[in-house]
Each structure stands twice: as structure tokens, then as C-alpha cells.
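Structure file entry-v3.tsv (TSV, C-alpha atoms) follows.
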chain	number	residue	atom	x	y	z
A	249	MET	CA	61.74	42.48	96.51
A	250	ARG	CA	61.28	45.74	94.60
A	251	SER	CA	64.99	46.00	93.79
A	252	PHE	CA	64.98	42.38	92.58
A	253	LEU	CA	62.06	43.12	90.22
A	254	THR	CA	63.82	46.26	89.00
A	255	LEU	CA	66.96	44.24	88.29
A	256	LEU	CA	64.91	41.67	86.35
A	257	LEU	CA	63.28	44.43	84.32
A	258	VAL	CA	66.62	46.04	83.47
A	259	CYS	CA	68.10	42.68	82.48
A	260	SER	CA	65.13	41.93	80.24
A	261	ILE	CA	65.45	45.33	78.54
A	262	LEU	CA	69.15	44.79	77.92
A	263	SER	CA	68.65	41.25	76.67
A	264	ALA	CA	65.81	42.32	74.39
A	265	ARG	CA	68.10	44.90	72.76
A	266	ALA	CA	70.87	42.40	72.08
A	267	GLN	CA	70.54	41.20	68.51
A	268	ARG	CA	71.14	37.51	67.98
A	269	PRO	CA	73.51	36.62	65.14
A	270	PRO	CA	71.99	34.42	62.44
A	271	LEU	CA	72.38	30.67	62.88
A	272	THR	CA	74.78	28.69	60.75
A	273	ALA	CA	73.48	25.69	58.80
A	274	GLU	CA	75.09	23.37	61.37
A	275	GLN	CA	73.40	25.21	64.24
A	276	LYS	CA	70.03	25.09	62.48
A	277	ALA	CA	70.40	21.33	62.05
A	278	SER	CA	71.13	20.89	65.77
A	279	LEU	CA	68.11	22.84	67.10
A	280	VAL	CA	65.85	21.00	69.53
A	281	PHE	CA	62.15	21.61	70.05
A	282	PRO	CA	61.02	20.25	73.44
A	283	ALA	CA	57.35	21.26	73.06
A	284	ILE	CA	56.69	24.04	70.56
A	285	LYS	CA	57.63	22.80	67.09
A	286	GLY	CA	57.53	23.67	63.43
A	287	PHE	CA	59.22	27.05	63.52
A	288	GLU	CA	62.98	27.51	63.48
A	289	GLU	CA	62.62	30.67	65.58
A	290	VAL	CA	61.43	28.70	68.64
A	291	GLY	CA	64.29	26.19	68.54
A	292	VAL	CA	66.88	25.80	71.27
A	293	LEU	CA	70.58	25.26	70.68
A	294	PRO	CA	71.96	22.31	72.68
A	295	VAL	CA	74.44	23.25	75.41
A	296	LYS	CA	76.90	20.65	76.62
A	297	ASP	CA	78.54	20.64	80.05
A	298	ALA	CA	76.61	23.61	81.46
A	299	ASP	CA	77.99	24.68	84.84
A	300	PHE	CA	74.75	26.30	85.96
A	301	THR	CA	71.29	24.85	85.63
A	302	ILE	CA	67.98	25.92	87.08
A	303	ASP	CA	66.08	23.88	89.64
A	304	PRO	CA	63.46	21.79	87.78
A	305	LYS	CA	61.40	21.39	90.97
A	306	ARG	CA	60.67	25.12	91.25
A	307	LYS	CA	57.70	26.85	89.66
A	308	TYR	CA	58.64	29.37	86.98
A	309	ASN	CA	56.17	32.20	86.45
A	310	VAL	CA	56.99	34.24	83.36
A	311	LEU	CA	55.24	37.29	81.91
A	312	LEU	CA	56.25	38.43	78.45
A	313	ASP	CA	55.25	42.00	77.58
A	314	VAL	CA	55.07	41.95	73.77
A	315	THR	CA	55.04	45.13	71.68
A	316	VAL	CA	57.45	44.25	68.85
A	317	TRP	CA	56.45	44.33	65.20
A	318	SER	CA	59.00	43.61	62.53
A	319	ALA	CA	60.15	46.57	60.46
A	320	ASP	CA	60.62	44.17	57.56
A	321	SER	CA	58.09	44.95	54.83
A	322	LEU	CA	57.41	41.21	54.49
A	323	ALA	CA	56.79	40.83	58.22
A	324	ALA	CA	53.14	40.14	57.61
A	325	MET	CA	54.13	36.85	55.93
A	326	LYS	CA	56.60	35.73	58.63
A	327	ILE	CA	56.17	34.36	62.10
A	328	HIS	CA	55.81	37.23	64.52
A	329	PRO	CA	59.06	37.70	66.50
A	330	GLY	CA	57.20	38.23	69.76
A	331	LEU	CA	55.22	35.00	69.40
A	332	ALA	CA	58.43	33.21	68.45
A	333	GLU	CA	60.07	34.51	71.64
A	334	VAL	CA	57.17	33.21	73.73
A	335	GLY	CA	57.62	29.75	72.20
A	336	ARG	CA	61.39	29.90	72.53
A	337	GLN	CA	61.26	30.87	76.21
A	338	TYR	CA	58.88	28.00	76.88
A	339	ASN	CA	61.15	25.58	75.02
A	340	LEU	CA	64.20	26.92	76.90
A	341	HIS	CA	62.62	26.14	80.26
A	342	LEU	CA	61.71	22.61	79.18
A	343	TYR	CA	65.16	22.06	77.67
A	344	ALA	CA	66.63	23.12	81.02
A	345	GLY	CA	64.75	20.20	82.60
A	346	VAL	CA	61.71	21.99	84.01
A	347	PRO	CA	58.54	19.91	83.57
A	348	GLU	CA	55.66	21.59	81.74
A	349	ARG	CA	53.57	21.62	84.93
A	350	ASN	CA	56.16	23.93	86.54
A	351	VAL	CA	56.13	26.58	83.80
A	352	ASN	CA	53.40	29.21	84.01
A	353	MET	CA	53.69	31.61	81.12
A	354	VAL	CA	51.60	34.60	80.12
A	355	ALA	CA	52.14	36.89	77.13
A	356	VAL	CA	50.36	40.22	76.92
A	357	PHE	CA	50.21	41.87	73.49
A	358	HIS	CA	49.77	45.56	72.91
A	359	GLY	CA	50.80	48.27	70.49
A	360	PRO	CA	51.69	47.05	67.00
A	361	ALA	CA	52.15	43.47	68.24
A	362	LEU	CA	48.37	43.07	68.39
A	363	ARG	CA	48.35	42.33	64.67
A	364	ALA	CA	50.01	38.97	65.37
A	365	ILE	CA	47.00	37.65	67.29
A	366	LEU	CA	44.22	38.81	64.95
A	367	ASN	CA	42.01	36.37	63.08
A	368	ASN	CA	42.38	36.16	59.30
A	369	GLU	CA	39.69	38.73	58.48
A	370	ALA	CA	41.11	41.33	60.87
A	371	TYR	CA	44.69	40.46	59.92
A	372	LYS	CA	43.83	41.18	56.28
A	373	ARG	CA	42.44	44.61	57.24
A	374	ALA	CA	45.60	45.36	59.23
A	375	THR	CA	48.24	43.99	56.84
A	376	LYS	CA	46.61	43.46	53.42
A	377	ARG	CA	47.62	39.77	53.67
A	378	GLU	CA	45.00	37.03	53.28
A	379	VAL	CA	46.07	34.72	56.11
A	380	ASN	CA	47.64	35.28	59.51
A	381	PRO	CA	50.73	33.03	59.42
A	382	ASN	CA	50.84	33.05	63.24
A	383	ALA	CA	47.60	31.11	63.81
A	384	SER	CA	49.20	27.66	64.09
A	385	LEU	CA	51.88	28.94	66.48
A	386	VAL	CA	49.20	30.64	68.61
A	387	ASP	CA	47.34	27.32	68.71
A	388	GLN	CA	50.46	25.43	69.85
A	389	LEU	CA	51.22	27.99	72.55
A	390	GLN	CA	47.68	27.79	73.88
A	391	LYS	CA	47.75	23.97	73.88
A	392	ALA	CA	50.93	24.21	75.97
A	393	GLY	CA	48.94	26.20	78.54
A	394	ILE	CA	50.40	29.61	77.71
A	395	LYS	CA	47.92	32.44	78.19
A	396	LEU	CA	47.88	34.99	75.36
A	397	ILE	CA	46.22	38.24	76.34
A	398	ALA	CA	45.34	41.27	74.20
A	399	CYS	CA	45.28	44.80	75.58
A	400	GLY	CA	41.74	46.16	75.21
A	401	GLN	CA	42.95	49.77	75.14
A	402	ALA	CA	45.30	49.17	72.22
A	403	LEU	CA	42.79	46.94	70.44
A	404	ASN	CA	40.10	49.62	70.61
A	405	ARG	CA	42.50	52.39	69.57
A	406	ARG	CA	43.40	50.36	66.48
A	407	GLY	CA	39.73	49.91	65.56
A	408	PHE	CA	39.39	46.22	66.46
A	409	GLU	CA	37.14	44.27	68.81
A	410	LYS	CA	37.27	41.01	70.75
A	411	LYS	CA	35.69	39.17	67.80
A	412	ASP	CA	38.78	40.11	65.74
A	413	LEU	CA	41.13	38.04	67.91
A	414	LEU	CA	42.25	34.51	67.15
A	415	PRO	CA	40.24	31.87	69.06
A	416	GLY	CA	41.37	31.44	72.65
A	417	VAL	CA	43.17	34.80	72.91
A	418	LEU	CA	41.94	36.56	76.03
A	419	LEU	CA	40.98	40.24	76.15
A	420	SER	CA	41.97	42.42	79.12
A	421	VAL	CA	41.05	45.97	80.03
A	422	SER	CA	44.66	46.99	79.49
A	423	ALA	CA	48.19	45.64	79.19
A	424	LYS	CA	49.23	47.86	82.10
A	425	THR	CA	46.72	46.38	84.55
A	426	THR	CA	47.43	42.86	83.29
A	427	SER	CA	51.15	43.39	83.80
A	428	SER	CA	50.74	44.85	87.29
A	429	TYR	CA	48.47	41.94	88.25
A	430	PHE	CA	50.94	39.25	87.20
A	431	GLN	CA	53.86	41.18	88.69
A	432	SER	CA	51.97	41.33	92.00
A	433	LEU	CA	51.88	37.51	91.84
A	434	GLY	CA	55.66	37.39	91.48
A	435	TYR	CA	55.94	36.75	87.72
A	436	ALA	CA	59.31	37.55	86.16
A	437	VAL	CA	58.83	40.15	83.42
A	438	PHE	CA	60.54	40.08	80.04
A	439	LEU	CA	60.03	42.92	77.58
A	440	VAL	CA	59.76	41.74	73.99
A	441	ASN	CA	60.04	45.01	72.13
A	442	GLU	CA	62.80	44.43	69.61
A	443	GLU	CA	63.61	41.73	67.09
As C-alpha cells, how would this structure be written, given the file I've shared?
Amino acid sequence: MRSFLTLLLVCSILSARAQRPPLTAEQKASLVFPAIKGFEEVGVLPVKDADFTIDPKRKYNVLLDVTVWSADSLAAMKIHPGLAEVGRQYNLHLYAGVPERNVNMVAVFHGPALRAILNNEAYKRATKREVNPNASLVDQLQKAGIKLIACGQALNRRGFEKKDLLPGVLLSVSAKTTSSYFQSLGYAVFLVNEE
């Protein structure tokens, strides 16, 4: 079991480092949005005649460990790439035929990614922008049953408190203990640390 988890971790690191090429206009027009909508970044490209599909009857337990923050100076006005990846992974499972009831997804935010899940007042202190553009995506993810969890250690180190989080975002003692807990339950881990 340990070697399987190690393999999953290595694969997620390698896949996180692989940059996706930009979509063409035709590809953008073909995107599908099984559940999470309104943001191009969460869209799924249709795949015809796939030779391998996943079993829709199985339960899929996914933990996304989110630390990414865009290096783009305008990142504070764009959808956070880590939140977009959470929505995209959820949409990918549904597009693959898995019913919503069989997808259990958790995303733990720490490091610079915490800014993405701050309420407007705290987001303004962190980024000098008036409004957190991620609030509506966070709301959609939560309505889909995805747990969003903030690392208390990182939050405190950055001078924020629980009251600074968007509504519904959970606070944990640490990202490390949250991750080890969900891994002990058999969740597949994906690192979201690069755009």
C-alpha cells in the first residue's frame, strides 16, 4: 500500500509540473462543464473513443494539497489556479461517468494559496484588491460537497484568523495533519503547487 501511495505522489508531482498548452478557440468552444461552471479553467475537453475509462460504481476519494499562487502580477484579479484545479478535477470525474455521490473531494490550502480563500476584507489586506474574485467559485465547490480546508499554522503565520476566511471554509490545526488524516483514509493525493 505504501509503495502505491508513493507512486501516486510521484505521479501527481510530475503531472503538476507539466505545463498545459493554451487552448485554441475551437477547443475553448468545445469545453464541457458537468457541474462546476462559469470559469474556462474548470472546463473539460471532450474525448471521443477513449480506450480506458474508470469504473463509475467505485468511490473516488481525492485530496488536493494546494500551495500554488500565480506569479502573474495580476493574479489577484484572476481565478486562483489551485481552486480552478479543484473544480477541474471534480468535473473530470463527472465527465468520466462517475456520479457526484461517488466523488469525495477535499482541498487543503496552505502557504501562499491561502489568499484565494480569504474574505473580501482580508483579501484586500493581502493583495490590495477590493474583491476576492474566487468567492463564487468557492461557493460552487462547496455546494458540490467539496471540503475546502485552511491550514491554521499558515493562516496564523500570515497574520490572519478564522474570521478572515470565506464562509464555509474549514480551519484545521495544520495542512500536514489534515493531509495525513485523509491519506490514512485512503485518499489519493494530488499536489497543486504549480500553474
Which residues come within 12 Å of Asn404 of chain A, counting only C-alpha atoms, excluding same-chain residues fewer than 3 positions away, as a PyMOL selection string?
-> chain A and resi 358-359+362+398-401+407-413+419-422
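Atom CA of Tyr429 of chain A to atom CA of Lys307 of chain A spans 17.7 Å [interatomic distance, one decimal].
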Give the answer as one residue: which of A:Asn441, A:Asn382, A:Thr426, A:Thr272 has the shortest atom-to-atom distance to Lys395 of chain A, using all atoms listed in the file?
-> A:Thr426
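Restricting the calculation to all atoms listed in the file, the smallest distance between Ala344 of chain A and any of A:Gly286, A:Pro329, A:Pro270, A:Pro294 is found for A:Pro294.
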Please determine an axis-aligned box that encloses all atoms of segment 379-395 of chain A listed in the file, with 8 Å added on each side, and express its centre and edge lengths in Å to one decimal as JSON.
{"center_x": 49.0, "center_y": 29.6, "center_z": 67.3, "size_x": 21.8, "size_y": 27.3, "size_z": 38.4}
Fewer than 5 positions away in the same chain doesn't count, so skip those; otherwise give me all residues within 9 Å of Val280 of chain A, counting only C-alpha atoms, as a VMD selection string.
-> chain A and resid 285 290 to 294 339 343
Keeping only C-alpha atoms, write the selected residues as a short mmCIF file (atom, residue, chain, number, x, y, z; two decimals), keeping the file's coordinate frame.
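Okay, again_12.cif is ready:
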data_model
loop_
_atom_site.label_atom_id
_atom_site.label_comp_id
_atom_site.auth_asym_id
_atom_site.auth_seq_id
_atom_site.Cartn_x
_atom_site.Cartn_y
_atom_site.Cartn_z
CA LYS A 285 57.63 22.80 67.09
CA VAL A 290 61.43 28.70 68.64
CA GLY A 291 64.29 26.19 68.54
CA VAL A 292 66.88 25.80 71.27
CA LEU A 293 70.58 25.26 70.68
CA PRO A 294 71.96 22.31 72.68
CA ASN A 339 61.15 25.58 75.02
CA TYR A 343 65.16 22.06 77.67
#
Pick out the residues sitting within 12 Å of Val379 of chain A, and hand them over as a PDB file with C-alpha atoms, in the coordinates of the input; count only C-alpha atoms, and ignore anything fewer than 3 positions along from it in its own chain.
ATOM      1  CA  ALA A 324      53.140  40.140  57.610  1.00  0.00           C
ATOM      2  CA  MET A 325      54.130  36.850  55.930  1.00  0.00           C
ATOM      3  CA  LYS A 326      56.600  35.730  58.630  1.00  0.00           C
ATOM      4  CA  ILE A 327      56.170  34.360  62.100  1.00  0.00           C
ATOM      5  CA  ARG A 363      48.350  42.330  64.670  1.00  0.00           C
ATOM      6  CA  ALA A 364      50.010  38.970  65.370  1.00  0.00           C
ATOM      7  CA  ILE A 365      47.000  37.650  67.290  1.00  0.00           C
ATOM      8  CA  LEU A 366      44.220  38.810  64.950  1.00  0.00           C
ATOM      9  CA  ASN A 367      42.010  36.370  63.080  1.00  0.00           C
ATOM     10  CA  ASN A 368      42.380  36.160  59.300  1.00  0.00           C
ATOM     11  CA  GLU A 369      39.690  38.730  58.480  1.00  0.00           C
ATOM     12  CA  ALA A 370      41.110  41.330  60.870  1.00  0.00           C
ATOM     13  CA  TYR A 371      44.690  40.460  59.920  1.00  0.00           C
ATOM     14  CA  LYS A 372      43.830  41.180  56.280  1.00  0.00           C
ATOM     15  CA  ARG A 373      42.440  44.610  57.240  1.00  0.00           C
ATOM     16  CA  ALA A 374      45.600  45.360  59.230  1.00  0.00           C
ATOM     17  CA  THR A 375      48.240  43.990  56.840  1.00  0.00           C
ATOM     18  CA  LYS A 376      46.610  43.460  53.420  1.00  0.00           C
ATOM     19  CA  ASN A 382      50.840  33.050  63.240  1.00  0.00           C
ATOM     20  CA  ALA A 383      47.600  31.110  63.810  1.00  0.00           C
ATOM     21  CA  SER A 384      49.200  27.660  64.090  1.00  0.00           C
ATOM     22  CA  LEU A 414      42.250  34.510  67.150  1.00  0.00           C
TER      23      LEU A 414
END
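Atom pair atom CA of Trp317 of chain A / atom CA of Ala277 of chain A: separated by 27.1 Å.
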At what distance in Å, to one decimal, does atom CA of Glu442 of chain A lie from atom CA of Thr315 of chain A?
-> 8.1 Å
Of A:Leu331, A:Val316, A:Val437, A:Ala298, the one nearest to Asp387 of chain A when counting only C-alpha atoms is A:Leu331
Compare A:Val314, A:Val354, A:Leu340, A:Ala273 by their minimum atom-to-atom distance to Gly393 of chain A, counting all atoms listed in the file, and give me the closest one.
-> A:Val354
